[in-house]
file run.txt (compact mmCIF, C-alpha atoms)
# COMPACT_ATOMS: atom_id res chain seq x y z
CA MET A 1 0.00 0.00 0.00
CA SER A 2 1.53 3.27 -1.07
CA LYS A 3 0.91 6.64 0.53
CA GLU A 4 -0.53 7.90 -2.74
CA GLY A 5 -4.10 7.96 -1.42
CA SER A 6 -3.26 10.07 1.62
CA THR A 7 -1.09 12.42 -0.47
CA LYS A 8 -3.97 12.95 -2.94
CA LEU A 9 -6.47 13.51 -0.16
CA THR A 10 -4.20 15.93 1.73
CA TYR A 11 -3.64 17.92 -1.44
CA ALA A 12 -7.39 17.95 -2.21
CA ILE A 13 -8.42 19.27 1.23
CA LYS A 14 -5.65 21.91 1.24
CA ASN A 15 -6.79 23.04 -2.18
CA LEU A 16 -10.40 23.26 -0.99
CA ARG A 17 -9.34 25.31 2.04
CA LYS A 18 -7.45 27.68 -0.28
CA HIS A 19 -10.58 28.17 -2.40
CA TRP A 20 -12.65 28.72 0.72
CA GLU A 21 -10.29 31.41 2.01
CA ASN A 22 -10.69 33.15 -1.33
CA ALA A 23 -14.50 32.79 -1.27
CA LYS A 24 -14.55 34.16 2.29
CA THR A 25 -13.06 37.45 1.16
CA HIS A 26 -16.24 37.95 -0.94
CA TRP A 27 -18.79 36.20 1.23
CA GLN A 28 -18.89 37.38 4.83
CA ASP A 29 -22.37 36.87 6.24
CA GLN A 30 -23.75 34.47 8.85
CA VAL A 31 -24.54 31.86 6.17
CA ALA A 32 -20.84 31.75 5.27
CA LYS A 33 -19.85 31.41 8.93
CA ASP A 34 -22.40 28.62 9.44
CA PHE A 35 -21.24 26.90 6.27
CA GLU A 36 -17.67 26.87 7.56
CA SER A 37 -18.55 25.62 11.05
CA ASN A 38 -21.21 23.11 10.02
CA HIS A 39 -19.62 21.66 6.90
CA LEU A 40 -16.02 22.66 6.29
CA PHE A 41 -14.52 22.21 9.76
CA PRO A 42 -16.14 18.77 10.24
CA LEU A 43 -15.02 17.79 6.72
CA GLU A 44 -11.41 18.77 7.48
CA THR A 45 -11.46 16.85 10.76
CA ARG A 46 -12.83 13.75 9.02
CA VAL A 47 -10.38 14.01 6.11
CA ASN A 48 -7.43 14.39 8.50
CA ALA A 49 -8.53 11.26 10.38
CA VAL A 50 -8.78 9.32 7.10
CA VAL A 51 -5.33 10.55 6.02
CA ARG A 52 -3.87 9.27 9.30
CA GLY A 53 -5.76 5.99 8.79
CA MET A 54 -4.38 5.67 5.26
CA ASP A 55 -0.84 6.27 6.47
CA LYS A 56 -1.19 3.70 9.24
CA LEU A 57 -2.65 1.18 6.81
CA ALA A 58 0.21 1.89 4.39
CA GLU A 59 2.73 1.01 7.12
CA VAL A 60 0.97 -2.26 7.99
CA SER A 61 0.61 -3.13 4.31
CA ALA A 62 4.29 -2.49 3.60
CA LYS A 63 5.29 -4.80 6.46
CA VAL A 64 2.84 -7.51 5.35
CA LYS A 65 4.18 -7.30 1.78
CA LYS A 66 7.76 -7.58 2.98
CA ASP A 67 7.02 -10.43 5.39
CA CYS A 68 5.05 -12.50 2.88
CA SER A 69 7.43 -12.03 -0.06
CA GLU A 70 10.33 -14.22 -1.00
CA ASP A 71 13.54 -13.06 0.66
CA ARG A 72 15.96 -11.72 -1.89
CA MET B 1 -34.87 40.05 11.61
CA ALA B 2 -32.54 37.91 9.51
CA GLU B 3 -29.10 39.28 8.72
CA ALA B 4 -28.77 40.51 5.14
CA ALA B 5 -26.66 38.49 2.73
CA LYS B 6 -23.18 39.94 2.42
CA VAL B 7 -21.81 38.62 -0.85
CA GLY B 8 -19.33 40.72 -2.80
CA SER B 9 -18.99 38.33 -5.70
CA ILE B 10 -21.40 35.67 -6.88
CA ASP B 11 -18.60 34.24 -9.02
CA ALA B 12 -16.59 33.60 -5.85
CA ILE B 13 -19.43 31.39 -4.57
CA ARG B 14 -19.61 29.58 -7.91
CA GLU B 15 -15.83 29.09 -7.97
CA PHE B 16 -15.97 27.60 -4.50
CA ARG B 17 -18.87 25.36 -5.52
CA GLU B 18 -16.72 24.10 -8.42
CA ALA B 19 -13.79 23.57 -6.07
CA LEU B 20 -16.07 21.61 -3.73
CA GLY B 21 -17.22 19.47 -6.66
CA ALA B 22 -13.59 18.83 -7.64
CA PHE B 23 -12.77 17.94 -4.04
CA VAL B 24 -15.62 15.42 -3.91
CA ASP B 25 -14.30 13.76 -7.10
CA ASP B 26 -10.67 13.75 -5.90
CA ALA B 27 -11.58 12.41 -2.47
CA ARG B 28 -13.75 9.67 -4.01
CA ASN B 29 -10.88 8.69 -6.32
CA ALA B 30 -8.46 8.55 -3.39
CA LEU B 31 -10.84 6.37 -1.34
CA THR B 32 -11.51 4.10 -4.32
CA SER B 33 -7.83 3.63 -5.14
CA VAL B 34 -7.04 2.69 -1.52
CA GLU B 35 -10.02 0.32 -1.45
CA MET B 36 -8.84 -1.39 -4.65
CA GLU B 37 -5.30 -1.66 -3.31
CA ASN B 38 -6.69 -3.19 -0.09
CA ARG B 39 -8.57 -5.82 -2.09
CA ARG B 40 -5.53 -6.67 -4.21
CA LEU B 41 -3.26 -6.99 -1.18
CA ASN B 42 -5.80 -9.05 0.75
CA GLU B 43 -6.16 -11.44 -2.20
CA TRP B 44 -2.38 -11.62 -2.58
CA VAL B 45 -1.84 -12.52 1.08
CA LYS B 46 -4.82 -14.85 1.54
CA ASN B 47 -4.46 -16.73 -1.73
CA THR B 48 -1.41 -16.00 -3.90
CA GLN B 49 1.27 -16.00 -1.19
CA ARG B 50 -0.42 -18.65 0.96
CA LEU B 51 -0.44 -21.10 -1.96
CA PHE B 52 3.00 -19.99 -3.11
CA TRP B 53 4.63 -20.82 0.22
CA ILE B 54 2.70 -24.08 0.64
CA ASN B 55 4.00 -25.15 -2.78
CA GLU B 56 7.49 -23.94 -1.91
CA VAL B 57 7.54 -26.16 1.19
CA LYS B 58 6.58 -29.13 -0.97
CA ARG B 59 9.14 -28.28 -3.67
CA ARG B 60 11.95 -27.57 -1.21
CA ARG B 61 11.19 -30.75 0.75
CA GLU B 62 11.47 -32.79 -2.46
CA LYS B 63 14.74 -31.06 -3.27
CA MET B 64 16.13 -31.75 0.18
CA ASN B 65 15.14 -35.44 -0.01
CA GLU B 66 16.83 -35.67 -3.38
CA LEU B 67 20.04 -34.12 -1.97
CA ARG B 68 19.91 -36.39 1.09
CA GLY B 69 19.71 -39.38 -1.25
CA GLU B 70 22.73 -38.09 -3.10
CA LEU B 71 24.63 -37.62 0.18
CA HIS B 72 23.71 -41.15 1.24
CA ARG B 73 24.96 -42.57 -2.06
CA ARG B 74 28.24 -40.69 -1.73
CA LYS B 75 28.75 -41.96 1.80
CA LEU B 76 28.13 -45.54 0.67
CA SER B 77 30.51 -45.20 -2.26
CA GLY B 78 33.21 -43.68 -0.06
CA ALA B 79 33.42 -40.61 -2.30
CA GLY B 80 33.97 -37.14 -0.81
CA ASP B 81 30.75 -35.89 0.72
CA THR B 82 31.66 -32.34 1.84
CA GLU B 83 29.85 -30.63 -1.03
CA ALA B 84 26.82 -32.91 -0.71
CA LYS B 85 26.61 -32.16 3.02
CA GLU B 86 26.75 -28.44 2.32
CA ALA B 87 24.03 -28.76 -0.31
CA VAL B 88 21.81 -30.62 2.20
CA ARG B 89 22.45 -27.91 4.82
CA ILE B 90 21.48 -25.13 2.39
CA ALA B 91 18.39 -27.04 1.20
CA ASN B 92 17.37 -27.65 4.82
CA ASN B 93 17.65 -23.91 5.58
CA ARG B 94 15.58 -23.08 2.52
CA LEU B 95 12.92 -25.56 3.62
CA ARG B 96 12.83 -24.04 7.12
CA VAL B 97 12.42 -20.54 5.64
CA ALA B 98 9.45 -21.72 3.53
CA GLU B 99 7.84 -23.43 6.52
CA GLU B 100 8.24 -20.23 8.56
CA LYS B 101 6.75 -18.22 5.69
CA VAL B 102 3.64 -20.43 5.68
CA GLU B 103 3.12 -19.48 9.35
CA ILE B 104 3.96 -15.80 8.75
CA VAL B 105 1.45 -15.56 5.87
CA LYS B 106 -1.18 -17.29 8.02
CA LYS B 107 -0.66 -14.71 10.78
CA ALA B 108 -0.39 -11.74 8.38
CA ALA B 109 -3.88 -12.22 6.90
CA PRO B 110 -5.83 -11.30 10.09
CA ILE B 111 -3.36 -8.50 10.93
CA LEU B 112 -3.95 -6.97 7.51
CA GLN B 113 -7.72 -7.49 7.78
CA HIS B 114 -7.76 -5.73 11.16
CA ALA B 115 -5.82 -2.75 9.76
CA ILE B 116 -8.20 -2.57 6.78
CA ASP B 117 -11.24 -2.70 9.06
CA GLU B 118 -9.81 0.09 11.22
CA TYR B 119 -9.20 2.18 8.12
CA LEU B 120 -12.69 1.50 6.78
CA GLY B 121 -14.14 2.67 10.09
CA LEU B 122 -12.67 6.09 9.25
CA ALA B 123 -13.12 6.06 5.48
CA ARG B 124 -16.79 5.01 5.31
CA PRO B 125 -18.15 8.08 7.17
CA LEU B 126 -16.13 10.30 4.82
CA GLY B 127 -17.50 8.38 1.82
CA ASP B 128 -21.03 8.91 3.16
CA MET B 129 -20.31 12.60 3.68
CA LEU B 130 -19.07 12.96 0.08
CA THR B 131 -22.20 11.34 -1.29
CA GLY B 132 -24.80 12.92 0.98
CA GLU B 133 -23.87 16.11 2.75
CA LEU B 134 -21.39 17.58 0.30
CA GLU B 135 -23.52 16.93 -2.77
CA HIS B 136 -26.31 18.72 -0.92
CA CYS B 137 -23.92 21.62 -0.18
CA ILE B 138 -22.98 21.87 -3.86
CA ALA B 139 -26.66 22.11 -4.79
CA LEU B 140 -27.21 24.65 -2.00
CA LEU B 141 -24.36 26.88 -3.18
CA GLU B 142 -25.63 26.80 -6.75
CA GLY B 143 -29.14 27.62 -5.54
CA MET B 144 -27.74 30.52 -3.54
CA ALA B 145 -25.78 31.87 -6.53
CA GLU B 146 -28.88 31.61 -8.73
CA ALA B 147 -31.02 33.39 -6.12
CA LEU B 148 -28.47 36.20 -5.92
CA ASP B 149 -28.38 36.44 -9.72
CA ASP B 150 -32.17 36.74 -9.73
CA TYR B 151 -32.06 39.37 -7.00
CA ILE B 152 -29.58 41.48 -8.96
CA ARG B 153 -31.64 41.10 -12.13
CA ILE B 154 -34.81 42.23 -10.36
CA SER B 155 -33.23 45.09 -8.47
CA THR B 156 -31.43 46.46 -11.54
CA PRO B 157 -34.06 46.49 -14.32
CA ALA B 158 -31.74 48.41 -16.64
CA ASN B 159 -29.61 45.26 -16.95
CA THR B 160 -32.55 43.29 -18.38
CA THR B 161 -32.73 45.54 -21.46
CA LYS B 162 -29.24 44.50 -22.56
call {"tool": "encode", "arguments": {"input": "run.txt", "output": "structure tokens"}}
result
Amino acid sequence: MSKEGSTKLTYAIKNLRKHWENAKTHWQDQVAKDFESNHLFPLETRVNAVVRGMDKLAEVSAKVKKDCSEDR
Amino acid sequence: MAEAAKVGSIDAIREFREALGAFVDDARNALTSVEMENRRLNEWVKNTQRLFWINEVKRRREKMNELRGELHRRKLSGAGDTEAKEAVRIANNRLRVAEEKVEIVKKAAPILQHAIDEYLGLARPLGDMLTGELEHCIALLEGMAEALDDYIRISTPANTTK
């Protein structure tokens, strides 16, 4: 298992945050604040947890691959 | 009284909606690629490598028996047996490695499954969020942008004559 998935996901959420920061400069009412607290913050928390999960799985997978392969 | 909308640029909302759509696609792709990799690795451990090492034990055992026979013949004939002994020692080591690998592969399968299950416990809620909540948000943002467009059109009748 490579770390490709977590790298892609990290890049995607950082990119989304960048777009949000830009949108926020033009959209500054309560709806925007609610959108950030109700959707964006929970999304970032969830994505970060998945990224850590992917990295942990990648470590286990790498060990399993090594252990189960033929020794060179 | 509700707070008035404070939107300086409708395009900024649309750009963010597009970025959110792109994020949903990218995140789905990332989750799918990890899921596919999990399946491949699981199959490789549970079937490919399990059978490979079981066959290796059989093959290496046959090889060692063959070399033991050769060593026995050399001893009986009084010929030098140093090389034959060394060959038996190496073959024996190779057999032991394969036998250990059978056990390692057997133990690795549940370890991998546990790690995958733990990961899925985190990934599934995100997958659900991408499909449900975020798709709803995308629709909401578009609806908001359209409503603001309509508002501008109505409040500036001169624009409609263009």
call {"tool": "interface_residues", "arguments": {"input": "run.txt", "of": "chain B", "to": "chain A", "cutoff": "7 Å", "atoms": "only C-alpha atoms", "output": "PyMOL selection string"}}
result
chain B and resi 5-9+12-13+16+19-20+23+26-27+30-31+33-34+37+49+101+104-105+108+112+115-116+119+122-123+126
call {"tool": "residues_around", "arguments": {"input": "run.txt", "residues": "B:Ala145", "least_positions_apart": "2", "cutoff": "7 Å", "atoms": "only C-alpha atoms", "output": "ChimeraX atom specification"}}
result
/B:10,13-14,141-143,147-149
call {"tool": "atom_distance", "arguments": {"input": "run.txt", "atom1": "atom CA of B:Arg94", "atom2": "atom CA of B:Arg40"}}
result
27.6 Å
call {"tool": "atom_distance", "arguments": {"input": "run.txt", "atom1": "atom CA of B:Glu43", "atom2": "atom CA of B:Asn93"}}
result
28.0 Å
call {"tool": "residues_around", "arguments": {"input": "run.txt", "residues": "B:Glu70", "least_positions_apart": "3", "cutoff": "10 Å", "atoms": "only C-alpha atoms", "output": "ChimeraX atom specification"}}
result
/B:64-67,73-76,81,84-85,87-88
call {"tool": "residues_around", "arguments": {"input": "run.txt", "residues": "B:Leu130", "least_positions_apart": "4", "cutoff": "9 Å", "atoms": "only C-alpha atoms", "output": "PyMOL selection string"}}
result
chain B and resi 24-25+27-28+125-126+134-135
call {"tool": "atom_distance", "arguments": {"input": "run.txt", "atom1": "atom CA of B:Arg39", "atom2": "atom CA of B:Glu118"}}
result
14.6 Å
call {"tool": "axis_aligned_box", "arguments": {"input": "run.txt", "around": "stretch 29-35 of chain A", "padding_each_side": "4 Å", "output": "lines of an AutoDock Vina configuration file"}}
result
center_x = -22.2
center_y = 31.9
center_z = 7.4
size_x = 12.7
size_y = 18.0
size_z = 12.2
